[in-house]
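Dumped start10.pdb below, it's PDB, C-alpha atoms, pLDDT in the B column:
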ATOM      1  CA  MET I  20     132.941  37.218 179.723  1.00 86.00           C
ATOM      2  CA  ALA I  21     135.027  39.251 182.172  1.00 87.00           C
ATOM      3  CA  LEU I  22     136.449  36.139 183.808  1.00 88.00           C
ATOM      4  CA  VAL I  23     137.532  34.666 180.488  1.00 90.00           C
ATOM      5  CA  LEU I  24     139.118  37.939 179.366  1.00 88.00           C
ATOM      6  CA  LEU I  25     140.969  38.345 182.650  1.00 89.00           C
ATOM      7  CA  LEU I  26     142.210  34.752 182.761  1.00 92.00           C
ATOM      8  CA  ILE I  27     143.890  34.881 179.360  1.00 91.00           C
ATOM      9  CA  PRO I  28     147.276  36.664 179.692  1.00 90.00           C
ATOM     10  CA  ASN I  29     147.271  38.036 176.122  1.00 91.00           C
ATOM     11  CA  SER I  30     143.894  39.697 176.608  1.00 87.00           C
ATOM     12  CA  ARG I  31     145.062  41.244 179.885  1.00 87.00           C
ATOM     13  CA  LYS I  32     147.972  42.879 178.075  1.00 90.00           C
ATOM     14  CA  ASN I  33     145.741  44.337 175.355  1.00 90.00           C
ATOM     15  CA  GLU I  34     144.266  47.617 176.621  1.00 91.00           C
ATOM     16  CA  LYS I  35     141.012  47.329 174.670  1.00 93.00           C
ATOM     17  CA  THR I  36     140.137  43.868 175.959  1.00 92.00           C
ATOM     18  CA  LEU I  37     141.267  44.860 179.457  1.00 91.00           C
ATOM     19  CA  LEU I  38     138.902  47.843 179.304  1.00 93.00           C
ATOM     20  CA  MET I  39     136.060  45.587 178.161  1.00 93.00           C
ATOM     21  CA  ALA I  40     136.766  43.163 181.010  1.00 93.00           C
ATOM     22  CA  ALA I  41     136.896  45.957 183.583  1.00 92.00           C
ATOM     23  CA  LEU I  42     133.596  47.400 182.352  1.00 93.00           C
ATOM     24  CA  ALA I  43     132.016  43.943 182.374  1.00 92.00           C
ATOM     25  CA  VAL I  44     133.117  43.389 185.978  1.00 91.00           C
ATOM     26  CA  PHE I  45     131.812  46.826 187.003  1.00 90.00           C
ATOM     27  CA  PHE I  46     128.399  46.351 185.393  1.00 89.00           C
ATOM     28  CA  SER I  47     127.998  42.789 186.645  1.00 87.00           C
ATOM     29  CA  ILE I  48     128.621  43.877 190.230  1.00 85.00           C
ATOM     30  CA  TRP I  49     126.332  46.872 189.745  1.00 81.00           C
ATOM     31  CA  LEU I  50     123.512  44.703 188.393  1.00 80.00           C
ATOM     32  CA  ASP I  51     123.960  42.069 191.089  1.00 76.00           C
ATOM     33  CA  LYS I  52     123.774  44.615 193.907  1.00 72.00           C
ATOM     34  CA  GLY I  53     120.868  46.413 192.293  1.00 65.00           C
ATOM     35  CA  PHE I  54     118.783  43.272 191.966  1.00 65.00           C
ATOM     36  CA  CYS I  55     119.497  42.291 195.572  1.00 63.00           C
ATOM     37  CA  PHE I  56     118.365  45.677 196.856  1.00 63.00           C
ATOM     38  CA  VAL I  57     115.228  45.776 194.699  1.00 61.00           C
ATOM     39  CA  VAL I  58     114.086  42.283 195.667  1.00 59.00           C
ATOM     40  CA  SER I  59     114.729  42.809 199.371  1.00 59.00           C
ATOM     41  CA  GLY I  60     112.869  46.124 199.290  1.00 60.00           C
ATOM     42  CA  PHE I  61     109.581  44.517 198.223  1.00 64.00           C
ATOM     43  CA  ILE I  62     109.133  41.898 200.930  1.00 68.00           C
ATOM     44  CA  PRO I  63     105.592  42.103 202.305  1.00 69.00           C
ATOM     45  CA  ASN I  64     105.000  42.421 206.038  1.00 72.00           C
ATOM     46  CA  PRO I  65     102.812  39.973 208.022  1.00 76.00           C
ATOM     47  CA  PHE I  66      99.704  41.903 206.942  1.00 79.00           C
ATOM     48  CA  GLU I  67     100.476  41.189 203.259  1.00 75.00           C
ATOM     49  CA  ARG I  68     101.380  44.807 202.508  1.00 74.00           C
ATOM     50  CA  VAL I  69     104.504  46.225 201.002  1.00 70.00           C
ATOM     51  CA  THR I  70     105.558  49.248 203.010  1.00 71.00           C
ATOM     52  CA  GLY I  71     106.912  52.165 201.025  1.00 72.00           C
ATOM     53  CA  TYR I  72     110.276  53.507 202.095  1.00 72.00           C
ATOM     54  CA  TRP I  73     111.790  56.950 201.689  1.00 78.00           C
ATOM     55  CA  PRO I  74     115.245  57.550 203.126  1.00 80.00           C
ATOM     56  CA  ALA I  75     115.510  60.100 205.903  1.00 89.00           C
ATOM     57  CA  LEU I  76     117.563  63.247 205.427  1.00 94.00           C
ATOM     58  CA  ASN I  77     120.505  61.934 207.439  1.00 93.00           C
ATOM     59  CA  GLU I  78     120.551  58.703 205.387  1.00 90.00           C
ATOM     60  CA  PHE I  79     120.621  60.787 202.221  1.00 92.00           C
ATOM     61  CA  PHE I  80     123.553  62.851 203.535  1.00 95.00           C
ATOM     62  CA  VAL I  81     125.474  59.713 204.505  1.00 94.00           C
ATOM     63  CA  ALA I  82     124.996  58.271 201.019  1.00 92.00           C
ATOM     64  CA  ALA I  83     125.919  61.595 199.382  1.00 95.00           C
ATOM     65  CA  GLY I  84     129.030  61.787 201.578  1.00 96.00           C
ATOM     66  CA  CYS I  85     130.102  58.287 200.539  1.00 95.00           C
ATOM     67  CA  TRP I  86     129.677  59.181 196.869  1.00 95.00           C
ATOM     68  CA  GLY I  87     131.501  62.481 197.406  1.00 97.00           C
ATOM     69  CA  ILE I  88     134.470  60.828 199.108  1.00 97.00           C
ATOM     70  CA  GLY I  89     134.564  58.205 196.355  1.00 95.00           C
ATOM     71  CA  PHE I  90     134.676  60.879 193.659  1.00 97.00           C
ATOM     72  CA  LEU I  91     137.365  62.772 195.604  1.00 98.00           C
ATOM     73  CA  VAL I  92     139.560  59.666 195.808  1.00 97.00           C
ATOM     74  CA  LEU I  93     138.918  58.947 192.115  1.00 97.00           C
ATOM     75  CA  THR I  94     139.895  62.512 191.186  1.00 97.00           C
ATOM     76  CA  ILE I  95     143.117  62.301 193.184  1.00 97.00           C
ATOM     77  CA  LEU I  96     144.000  58.960 191.600  1.00 97.00           C
ATOM     78  CA  TYR I  97     143.324  60.351 188.112  1.00 96.00           C
ATOM     79  CA  LYS I  98     145.617  63.290 188.827  1.00 96.00           C
ATOM     80  CA  ILE I  99     148.359  60.884 189.904  1.00 95.00           C
ATOM     81  CA  VAL I 100     147.912  58.773 186.760  1.00 94.00           C
ATOM     82  CA  ILE I 101     148.043  61.842 184.511  1.00 93.00           C
ATOM     83  CA  ALA I 102     151.194  63.090 186.248  1.00 92.00           C
ATOM     84  CA  VAL I 103     152.893  59.708 185.928  1.00 92.00           C
ATOM     85  CA  ARG I 104     151.944  59.422 182.240  1.00 89.00           C
ATOM     86  CA  GLU I 105     153.300  62.898 181.520  1.00 87.00           C
ATOM     87  CA  GLU I 106     156.549  62.042 183.281  1.00 86.00           C
ATOM     88  CA  SER I 107     156.947  58.782 181.383  1.00 84.00           C
ATOM     89  CA  ALA I 108     156.187  60.488 178.051  1.00 77.00           C
ATOM     90  CA  VAL I 109     159.066  62.934 178.521  1.00 70.00           C
TER      91      VAL I 109
END

Would you mind writing the file's structure down as structure tokens?
Amino acid sequence: MALVLLLIPNSRKNEKTLLMAALAVFFSIWLDKGFCFVVSGFIPNPFERVTGYWPALNEFFVAAGCWGIGFLVLTILYKIVIAVREESAV
């Protein structure tokens, strides 16, 4: 669905269909990555057992730092977009 919406120039110019396409791309990537991680996490070892895994504290902090930096960049970009929109509205 996202590919079709993004390939058609008229749908790219319409903000509602562009939003739908962007959300479809986001969720498709999210689902694809999620399924890959879930399947690879349940591979049995040679003794036919699935080993449980809990991330260590440093792995948790690395992941939290990546999310934090991502939200910081997103916040800065939103502030830029809001400033540009206010300037263009005047």

Starting from the displayed file, determine the output of the PyMOL selection byres ((chain I and resi 21-33) around 12) and express the residue list as a PyMOL selection string. chain I and resi 20+34-48

Residue subset to file, keeping C-alpha atoms, as a PDB file, keeping the file's coordinate frame:
ATOM      1  CA  MET I  20     132.941  37.218 179.723  1.00 86.00           C
ATOM      2  CA  GLU I  34     144.266  47.617 176.621  1.00 91.00           C
ATOM      3  CA  LYS I  35     141.012  47.329 174.670  1.00 93.00           C
ATOM      4  CA  THR I  36     140.137  43.868 175.959  1.00 92.00           C
ATOM      5  CA  LEU I  37     141.267  44.860 179.457  1.00 91.00           C
ATOM      6  CA  LEU I  38     138.902  47.843 179.304  1.00 93.00           C
ATOM      7  CA  MET I  39     136.060  45.587 178.161  1.00 93.00           C
ATOM      8  CA  ALA I  40     136.766  43.163 181.010  1.00 93.00           C
ATOM      9  CA  ALA I  41     136.896  45.957 183.583  1.00 92.00           C
ATOM     10  CA  LEU I  42     133.596  47.400 182.352  1.00 93.00           C
ATOM     11  CA  ALA I  43     132.016  43.943 182.374  1.00 92.00           C
ATOM     12  CA  VAL I  44     133.117  43.389 185.978  1.00 91.00           C
ATOM     13  CA  PHE I  45     131.812  46.826 187.003  1.00 90.00           C
ATOM     14  CA  PHE I  46     128.399  46.351 185.393  1.00 89.00           C
ATOM     15  CA  SER I  47     127.998  42.789 186.645  1.00 87.00           C
ATOM     16  CA  ILE I  48     128.621  43.877 190.230  1.00 85.00           C
TER      17      ILE I  48
END

Once 8 Å is added on each side, what centre and edge lengths in Å to one decimal does the axis-aligned box around all listed atoms of region 89-98 of chain I have, as JSON?
{"center_x": 140.1, "center_y": 60.7, "center_z": 192.2, "size_x": 27.1, "size_y": 21.1, "size_z": 24.2}

What separation in Å, quoted to one decimal, exists between CA of Glu78 (chain I) and CA of Asp51 (chain I)? 22.2 Å

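As for CA of Pro74 (chain I) and CA of Leu50 (chain I), they are spaced 21.2 Å apart.
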
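We find CA of Phe79 (chain I) and CA of Leu91 (chain I) to be spaced 18.1 Å apart.
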